[in-house]
file final_36.cif (mmCIF, C-alpha atoms)
data_start
#
loop_
_atom_site.group_PDB
_atom_site.id
_atom_site.type_symbol
_atom_site.label_atom_id
_atom_site.label_comp_id
_atom_site.auth_asym_id
_atom_site.auth_seq_id
_atom_site.Cartn_x
_atom_site.Cartn_y
_atom_site.Cartn_z
ATOM 1 C CA MET A 9 61.042 157.224 50.086
ATOM 2 C CA THR A 10 64.821 157.497 50.311
ATOM 3 C CA GLY A 11 65.161 158.167 46.587
ATOM 4 C CA TYR A 12 62.628 160.990 46.797
ATOM 5 C CA ALA A 13 64.447 162.579 49.738
ATOM 6 C CA MET A 14 67.823 162.311 48.030
ATOM 7 C CA GLU A 15 66.417 163.845 44.858
ATOM 8 C CA TYR A 16 65.430 167.045 46.699
ATOM 9 C CA ALA A 17 68.283 167.205 49.233
ATOM 10 C CA LEU A 18 71.562 169.075 48.947
ATOM 11 C CA ARG A 19 74.170 166.678 47.583
ATOM 12 C CA CYS A 20 76.908 167.102 50.224
ATOM 13 C CA PRO A 21 74.777 166.781 53.379
ATOM 14 C CA ALA A 22 72.681 164.032 51.776
ATOM 15 C CA SER A 23 75.778 161.941 51.084
ATOM 16 C CA ARG A 24 76.495 161.857 54.838
ATOM 17 C CA THR A 25 72.905 161.196 55.938
ATOM 18 C CA ALA A 26 70.932 157.979 56.337
ATOM 19 C CA ILE A 27 67.172 157.525 56.517
ATOM 20 C CA GLY A 28 65.887 154.595 58.536
ATOM 21 C CA MET A 29 62.859 153.365 60.434
ATOM 22 C CA GLY A 30 62.255 155.003 63.789
ATOM 23 C CA THR A 31 62.478 153.026 67.025
ATOM 24 C CA LEU A 32 60.509 155.271 69.354
ATOM 25 C CA GLY A 33 57.785 152.773 70.138
ATOM 26 C CA PRO A 34 53.987 152.869 70.182
ATOM 27 C CA GLU A 35 53.788 155.857 72.550
ATOM 28 C CA ALA A 36 55.830 158.160 70.314
ATOM 29 C CA VAL A 37 52.820 160.051 68.946
ATOM 30 C CA THR A 38 51.321 160.516 72.409
ATOM 31 C CA VAL A 39 54.586 161.747 73.885
ATOM 32 C CA GLY A 40 55.151 164.073 70.935
ATOM 33 C CA ALA A 41 51.638 165.504 71.237
ATOM 34 C CA ALA A 42 52.113 166.012 74.978
ATOM 35 C CA LEU A 43 55.248 168.039 74.301
ATOM 36 C CA LEU A 44 53.468 170.595 72.097
ATOM 37 C CA PRO A 45 51.778 172.509 74.953
ATOM 38 C CA LEU A 46 55.005 172.389 76.973
ATOM 39 C CA VAL A 47 57.018 173.847 74.110
ATOM 40 C CA ASP A 48 54.467 176.642 73.747
ATOM 41 C CA PHE A 49 54.485 177.264 77.517
ATOM 42 C CA PHE A 50 58.268 177.614 77.638
ATOM 43 C CA ALA A 51 58.364 179.671 74.429
ATOM 44 C CA GLN A 52 56.145 182.233 76.164
ATOM 45 C CA GLY A 53 58.474 182.536 79.140
ATOM 46 C CA GLY A 54 57.402 179.567 81.255
ATOM 47 C CA ARG A 55 54.884 181.460 83.356
ATOM 48 C CA ARG A 56 51.140 181.291 83.593
ATOM 49 C CA ALA A 57 49.237 184.118 81.998
ATOM 50 C CA GLU A 58 48.180 186.739 84.500
ATOM 51 C CA SER A 59 44.489 186.492 85.157
ATOM 52 C CA LYS A 60 42.108 189.208 86.195
ATOM 53 C CA PRO A 61 40.914 188.947 89.789
ATOM 54 C CA SER A 62 37.455 187.431 90.106
ATOM 55 C CA VAL A 63 36.443 190.099 92.622
ATOM 56 C CA PRO A 64 35.808 193.486 90.996
ATOM 57 C CA ALA A 65 38.204 196.269 91.939
ATOM 58 C CA PRO A 66 36.957 198.912 94.364
ATOM 59 C CA ALA A 67 35.525 202.054 92.793
ATOM 60 C CA TRP A 68 38.476 204.191 93.898
ATOM 61 C CA GLN A 69 40.912 201.855 92.154
ATOM 62 C CA SER A 70 38.935 201.957 88.904
ATOM 63 C CA ALA A 71 38.777 205.770 89.075
ATOM 64 C CA LEU A 72 42.510 205.949 89.686
ATOM 65 C CA GLN A 73 43.206 203.604 86.770
ATOM 66 C CA ASP A 74 41.073 205.836 84.499
ATOM 67 C CA GLN A 75 43.172 208.843 85.536
ATOM 68 C CA VAL A 76 46.485 207.085 84.877
ATOM 69 C CA SER A 77 45.556 205.494 81.535
ATOM 70 C CA PRO A 78 45.979 207.739 78.450
#
call {"tool": "encode", "arguments": {"input": "final_36.cif", "output": "structure tokens"}}
result
Amino acid sequence: MTGYAMEYALRCPASRTAIGMGTLGPEAVTVGAALLPLVDFFAQGGRRAESKPSVPAPAWQSALQDQVSP
């Protein structure tokens, strides 16, 4: 594996880099997978998406929204 990586790497950075076995432990995949939704959450600003109210808006509010929207 190391030979393959060195073959395709840039010579200068590769000469100062080492490839070794990881020591993260058996939970590494689980922890990494758990981070994916968190990374996405924070990439989108760290706030929940605004949801529509479950109760329909009163008729006057809908009419007003129709007047304001282009």
call {"tool": "resolve_selection", "arguments": {"input": "final_36.cif", "expression": "the PyMOL selection byres ((chain A and resi 13) around 12)", "output": "mmCIF file with C-alpha atoms, in the coordinates of the input"}}
result
data_model
loop_
_atom_site.group_PDB
_atom_site.id
_atom_site.type_symbol
_atom_site.label_atom_id
_atom_site.label_comp_id
_atom_site.auth_asym_id
_atom_site.auth_seq_id
_atom_site.Cartn_x
_atom_site.Cartn_y
_atom_site.Cartn_z
ATOM 1 C CA MET A 9 61.042 157.224 50.086
ATOM 2 C CA THR A 10 64.821 157.497 50.311
ATOM 3 C CA GLY A 11 65.161 158.167 46.587
ATOM 4 C CA TYR A 12 62.628 160.990 46.797
ATOM 5 C CA MET A 14 67.823 162.311 48.030
ATOM 6 C CA GLU A 15 66.417 163.845 44.858
ATOM 7 C CA TYR A 16 65.430 167.045 46.699
ATOM 8 C CA ALA A 17 68.283 167.205 49.233
ATOM 9 C CA LEU A 18 71.562 169.075 48.947
ATOM 10 C CA ARG A 19 74.170 166.678 47.583
ATOM 11 C CA PRO A 21 74.777 166.781 53.379
ATOM 12 C CA ALA A 22 72.681 164.032 51.776
ATOM 13 C CA SER A 23 75.778 161.941 51.084
ATOM 14 C CA THR A 25 72.905 161.196 55.938
ATOM 15 C CA ALA A 26 70.932 157.979 56.337
ATOM 16 C CA ILE A 27 67.172 157.525 56.517
ATOM 17 C CA GLY A 28 65.887 154.595 58.536
#
call {"tool": "atom_distance", "arguments": {"input": "final_36.cif", "atom1": "CA of Arg24 in chain A", "atom2": "CA of Val37 in chain A"}}
result
27.6 Å
call {"tool": "axis_aligned_box", "arguments": {"input": "final_36.cif", "around": "range 46-53 of chain A", "padding_each_side": "6 Å", "output": "lines of an AutoDock Vina configuration file"}}
result
center_x = 56.5
center_y = 177.5
center_z = 76.4
size_x = 16.0
size_y = 22.1
size_z = 17.4
